[in-house]
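Asker: Here you go, one structure.
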Amino acid sequence: MSDYAVLLAPDVLRLERLLPGPLERVWQYLTESDKRAKWLAEGLVEPCVGGTVEHTFRNSELSPEHDLPPSKYADCAGAVSMLGKVTVWNPMQQLSYIWNEGSGAESEVSFTLEEQGEQVKLTVVHRLLTNPDDRLSVAGGWHTHLNILRDVLEGKTPAAFWRVHTLLEDEYKVRFVGQC
């Protein structure tokens, strides 16, 4: 299993990670604010279809290195908030929600969990990514966030978010050439 995002369609990305279990623990890191804040963003996830999803990103604080974003992401230097709405709530199996609800650039992200022995396969599918620049940013973002999740679950210190994201975004420009 590769850590890299793949394009399933021009507007759909998929990433997979094999994470240390148990399943319940990984589910908590998707749905509980204090745990999700360690790898993605803090905020409420109401446990029902139609429920509110809140994200407050502090990407510079996801690692002790506290790096700053590159100039094109300067508006992401502090806290960045996003709202969404739960579209699938199937505990311990699948969580899906509208990402950035109410904006002109709504998309949908789905998390699917599958036990594999003592590990958990996490599949992330992000749909409706119609802008090529957004696809690159989202691919690099999910790749970096999922690396951080794996590090947190393994008890390792994560690398600086923006440093890794910048390198990965450049790599995805090459990987996705002719596919976007």
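Chain identifiers are assigned as A, B, and so on, following the order in which chains appear in the structure tokens; residues are numbered from 1 within each chain, and ligands are numbered from 1 in order of appearance.
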Can you pull out the residues contacting Lys85 (chain A)? Cut-off 12 Å, using only C-alpha atoms, and skip same-chain residues under 4 positions away; I want them as a list in words.
Answerer: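 Residues near the query, excluding close chain neighbours: Leu44, Val45, Glu46, Pro47, Cys48, Val49, Gly50, Gly51, Thr52, Val53, Glu54, His55, Trp89, Leu95, Ser96, Tyr97, Ile98, Trp99, Asn100, Glu101, Gly102, Glu106, Ser107, Glu108, Val109 and Ser110 of chain A.
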Asker: With N, CA and C atoms retained, could you export that selection as a compact mmCIF listing (two decimals), in the first residue's frame?
Answerer:
```
# COMPACT_ATOMS: atom_id res chain seq x y z
N LEU A 44 -16.19 20.01 16.90
CA LEU A 44 -17.29 19.09 17.12
C LEU A 44 -17.60 18.26 15.87
N VAL A 45 -17.91 16.99 16.07
CA VAL A 45 -18.53 16.15 15.05
C VAL A 45 -19.78 15.58 15.70
N GLU A 46 -20.94 16.08 15.28
CA GLU A 46 -22.20 15.57 15.84
C GLU A 46 -22.45 14.17 15.27
N PRO A 47 -22.70 13.18 16.15
CA PRO A 47 -22.74 11.78 15.74
C PRO A 47 -24.05 11.34 15.10
N CYS A 48 -24.40 11.98 13.98
CA CYS A 48 -25.62 11.59 13.26
C CYS A 48 -25.59 12.21 11.87
N VAL A 49 -26.31 11.58 10.93
CA VAL A 49 -26.45 12.16 9.60
C VAL A 49 -27.15 13.50 9.74
N GLY A 50 -26.61 14.52 9.11
CA GLY A 50 -27.14 15.87 9.23
C GLY A 50 -26.47 16.67 10.33
N GLY A 51 -25.64 16.00 11.14
CA GLY A 51 -24.95 16.67 12.24
C GLY A 51 -23.87 17.62 11.74
N THR A 52 -23.54 18.57 12.58
CA THR A 52 -22.52 19.57 12.26
C THR A 52 -21.12 18.99 12.42
N VAL A 53 -20.23 19.40 11.53
CA VAL A 53 -18.81 19.08 11.64
C VAL A 53 -18.07 20.42 11.67
N GLU A 54 -17.27 20.61 12.70
CA GLU A 54 -16.46 21.82 12.82
C GLU A 54 -14.99 21.44 12.73
N HIS A 55 -14.24 22.24 12.00
CA HIS A 55 -12.78 22.08 11.93
C HIS A 55 -12.15 23.42 12.28
N TRP A 89 -22.91 8.38 8.86
CA TRP A 89 -22.44 8.09 10.22
C TRP A 89 -22.70 6.62 10.49
N LEU A 95 -17.37 7.33 8.14
CA LEU A 95 -17.79 8.70 8.43
C LEU A 95 -17.57 9.50 7.15
N SER A 96 -18.62 10.20 6.71
CA SER A 96 -18.50 11.08 5.54
C SER A 96 -19.14 12.40 5.89
N TYR A 97 -18.58 13.48 5.32
CA TYR A 97 -19.20 14.78 5.53
C TYR A 97 -18.84 15.76 4.42
N ILE A 98 -19.73 16.75 4.29
CA ILE A 98 -19.46 17.86 3.38
C ILE A 98 -18.35 18.68 4.01
N TRP A 99 -17.39 19.04 3.19
CA TRP A 99 -16.22 19.79 3.62
C TRP A 99 -16.41 21.23 3.15
N ASN A 100 -16.27 22.17 4.05
CA ASN A 100 -16.38 23.60 3.72
C ASN A 100 -17.79 23.97 3.27
N GLU A 101 -18.78 23.47 4.01
CA GLU A 101 -20.18 23.70 3.67
C GLU A 101 -20.50 25.19 3.57
N GLY A 102 -21.26 25.53 2.56
CA GLY A 102 -21.69 26.91 2.39
C GLY A 102 -20.74 27.75 1.58
N GLU A 106 -17.44 23.60 -2.02
CA GLU A 106 -17.80 22.44 -1.20
C GLU A 106 -17.27 21.16 -1.84
N SER A 107 -16.87 20.24 -0.98
CA SER A 107 -16.47 18.91 -1.42
C SER A 107 -16.91 17.93 -0.35
N GLU A 108 -16.68 16.64 -0.58
CA GLU A 108 -17.08 15.64 0.41
C GLU A 108 -15.90 14.72 0.70
N VAL A 109 -15.68 14.47 1.98
CA VAL A 109 -14.62 13.56 2.40
C VAL A 109 -15.25 12.37 3.13
N SER A 110 -14.72 11.18 2.84
CA SER A 110 -15.21 9.95 3.47
C SER A 110 -14.03 9.20 4.08
```
Asker: Which residues of region 87-177 of chain A sit at most 7 Å from region 22-26 of chain A, using only C-alpha atoms? Give each one's shortest atom pair and distance in Å (one decimal place), in chain and ascending residue order, as a tab-separated table.
Answerer:
```
residue	atom	partner	partner_atom	distance
A:Met92	CA	A:Glu24	CA	6.4
A:Glu115	CA	A:Leu23	CA	6.5
A:Glu118	CA	A:Pro22	CA	6.4
A:Gln119	CA	A:Pro22	CA	6.6
A:Val120	CA	A:Leu23	CA	6.0
```
Asker: With C-alpha atoms kept, could you save the residues just selected as a short mmCIF file (atom, residue, chain, number, x, y, z; two decimals), in the first residue's frame?
Answerer:
```cif
data_model
loop_
_atom_site.label_atom_id
_atom_site.label_comp_id
_atom_site.auth_asym_id
_atom_site.auth_seq_id
_atom_site.Cartn_x
_atom_site.Cartn_y
_atom_site.Cartn_z
CA MET A 92 -16.46 2.14 13.61
CA GLU A 115 -9.73 -4.17 10.60
CA GLU A 118 -4.24 -5.81 14.92
CA GLN A 119 -4.09 -2.93 12.46
CA VAL A 120 -6.74 -0.75 10.87
#
```
Asker: For Asp151 (chain A), which of A:Pro91, A:Pro132, A:Pro69, A:Pro20 is the closest residue, counting only C-alpha atoms?
Answerer: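 With only C-alpha atoms as the atom set, the closest residue is A:Pro20.
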Asker: My list of candidates is A:Ala74, A:Pro158, A:Leu167, A:Phe57. Which is closest to Arg36 (chain A) when distances are computed with only C-alpha atoms?
Answerer: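 Of all the options, A:Phe57 lies closest to Arg36 (chain A).
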Asker: Between A:Ser71, A:Ser2, A:Ser63, A:Gln28, which has the minimum distance to Glu16 (chain A) (counting only C-alpha atoms)?
Answerer: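 Comparing A:Ser71, A:Ser2, A:Ser63, A:Gln28 against Glu16 (chain A), the winner is A:Ser2.
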Asker: Enter the distance from CA of Arg14 (chain A) to CA of Glu114 (chain A), in Å, rounded to one decimal.
Answerer: 15.1 Å
Asker: Of the candidates A:Leu83, A:Leu129, A:Leu122, A:Val12, which one gets nearest to Leu146 (chain A) if we count only C-alpha atoms?
Answerer: A:Leu122
Asker: Please provide the set of residues having any atom within 7 Å of His145 (chain A), restricted to only C-alpha atoms, with same-chain residues fewer than 4 positions apart removed, written as a list in words.
Answerer: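 Skipping anything fewer than 4 positions along the chain leaves Trp39, Leu40, Gly141 and Leu149 of chain A.
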Asker: So what do you get for CA of Ala37 (chain A) versus CA of Leu15 (chain A), distance-wise?
Answerer: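 A separation of 19.8 Å between them.
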Asker: From the DSSP assignment of the backbone, select every residue of region 23-122 of chain A that is strand (DSSP E or B), and format the answer as a ChimeraX atom specification.
Answerer: /A:42,45,52-57,80-90,94-99,107-116,119-122
Asker: With C-alpha atoms retained, could you export that selection as a PDB file, in the first residue's frame?
Answerer:
```
ATOM      1  CA  GLU A  42     -10.214  20.362  16.556  1.00  0.00           C
ATOM      2  CA  VAL A  45     -18.526  16.148  15.048  1.00  0.00           C
ATOM      3  CA  THR A  52     -22.519  19.573  12.263  1.00  0.00           C
ATOM      4  CA  VAL A  53     -18.809  19.083  11.639  1.00  0.00           C
ATOM      5  CA  GLU A  54     -16.460  21.820  12.821  1.00  0.00           C
ATOM      6  CA  HIS A  55     -12.784  22.078  11.933  1.00  0.00           C
ATOM      7  CA  THR A  56     -10.373  24.554  13.446  1.00  0.00           C
ATOM      8  CA  PHE A  57      -7.021  23.918  11.815  1.00  0.00           C
ATOM      9  CA  VAL A  80      -8.522  28.446  10.127  1.00  0.00           C
ATOM     10  CA  SER A  81     -12.122  27.321  10.600  1.00  0.00           C
ATOM     11  CA  MET A  82     -14.389  25.288   8.352  1.00  0.00           C
ATOM     12  CA  LEU A  83     -17.887  23.901   8.775  1.00  0.00           C
ATOM     13  CA  GLY A  84     -19.468  20.802   7.330  1.00  0.00           C
ATOM     14  CA  LYS A  85     -22.398  18.437   7.627  1.00  0.00           C
ATOM     15  CA  VAL A  86     -22.308  14.681   8.296  1.00  0.00           C
ATOM     16  CA  THR A  87     -23.605  12.673   5.309  1.00  0.00           C
ATOM     17  CA  VAL A  88     -22.741   9.151   6.569  1.00  0.00           C
ATOM     18  CA  TRP A  89     -22.442   8.091  10.220  1.00  0.00           C
ATOM     19  CA  ASN A  90     -21.745   4.390  10.579  1.00  0.00           C
ATOM     20  CA  GLN A  94     -17.549   4.963   7.905  1.00  0.00           C
ATOM     21  CA  LEU A  95     -17.785   8.704   8.427  1.00  0.00           C
ATOM     22  CA  SER A  96     -18.500  11.080   5.539  1.00  0.00           C
ATOM     23  CA  TYR A  97     -19.201  14.779   5.527  1.00  0.00           C
ATOM     24  CA  ILE A  98     -19.463  17.862   3.384  1.00  0.00           C
ATOM     25  CA  TRP A  99     -16.222  19.792   3.623  1.00  0.00           C
ATOM     26  CA  SER A 107     -16.472  18.914  -1.425  1.00  0.00           C
ATOM     27  CA  GLU A 108     -17.077  15.644   0.409  1.00  0.00           C
ATOM     28  CA  VAL A 109     -14.620  13.560   2.404  1.00  0.00           C
ATOM     29  CA  SER A 110     -15.208   9.947   3.473  1.00  0.00           C
ATOM     30  CA  PHE A 111     -13.266   7.886   5.994  1.00  0.00           C
ATOM     31  CA  THR A 112     -13.668   4.105   5.884  1.00  0.00           C
ATOM     32  CA  LEU A 113     -12.152   1.797   8.506  1.00  0.00           C
ATOM     33  CA  GLU A 114     -11.399  -1.892   8.059  1.00  0.00           C
ATOM     34  CA  GLU A 115      -9.732  -4.172  10.599  1.00  0.00           C
ATOM     35  CA  GLN A 116      -6.688  -6.031   9.324  1.00  0.00           C
ATOM     36  CA  GLN A 119      -4.094  -2.930  12.463  1.00  0.00           C
ATOM     37  CA  VAL A 120      -6.744  -0.751  10.869  1.00  0.00           C
ATOM     38  CA  LYS A 121      -6.845   0.195   7.204  1.00  0.00           C
ATOM     39  CA  LEU A 122      -8.046   3.782   6.862  1.00  0.00           C
TER      40      LEU A 122
END
```
Asker: Going by DSSP on the backbone, which bits of region 21-176 of chain A are alpha helix (DSSP H)? Write them as a PyMOL selection string, please.
Answerer: chain A and resi 23-31+33-36+132-153+161-175
Asker: Mind checking which residues fall within 12 Å of Thr157 (chain A), counting only C-alpha atoms, ignoring those fewer than 3 positions away in the same chain, and posting them as a PDB file with C-alpha atoms, in the first residue's frame?
Answerer:
```pdb
ATOM      1  CA  LYS A  38      -3.483  16.198  17.332  1.00  0.00           C
ATOM      2  CA  TRP A  39      -3.388  15.343  13.625  1.00  0.00           C
ATOM      3  CA  LEU A  62       0.782  19.838  14.768  1.00  0.00           C
ATOM      4  CA  SER A  63       4.490  19.305  15.403  1.00  0.00           C
ATOM      5  CA  PRO A  64       6.855  20.693  18.035  1.00  0.00           C
ATOM      6  CA  GLU A  65       8.713  22.347  15.120  1.00  0.00           C
ATOM      7  CA  ASN A 147       1.381  10.825   8.183  1.00  0.00           C
ATOM      8  CA  ILE A 148       0.886  12.842  11.369  1.00  0.00           C
ATOM      9  CA  LEU A 149      -2.015  10.600  12.426  1.00  0.00           C
ATOM     10  CA  ARG A 150       0.157   7.519  11.963  1.00  0.00           C
ATOM     11  CA  ASP A 151       2.996   9.139  13.940  1.00  0.00           C
ATOM     12  CA  VAL A 152       0.631  10.095  16.778  1.00  0.00           C
ATOM     13  CA  LEU A 153      -0.858   6.590  16.942  1.00  0.00           C
ATOM     14  CA  GLU A 154       2.651   5.086  16.927  1.00  0.00           C
ATOM     15  CA  ALA A 160       6.631  19.934  10.661  1.00  0.00           C
ATOM     16  CA  PHE A 161       3.376  20.171   8.685  1.00  0.00           C
TER      17      PHE A 161
END
```
Asker: Separation of CA of Arg127 (chain A) and CA of Gly21 (chain A), in Å?
Answerer: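 Here the two named atoms are 26.4 Å from each other.
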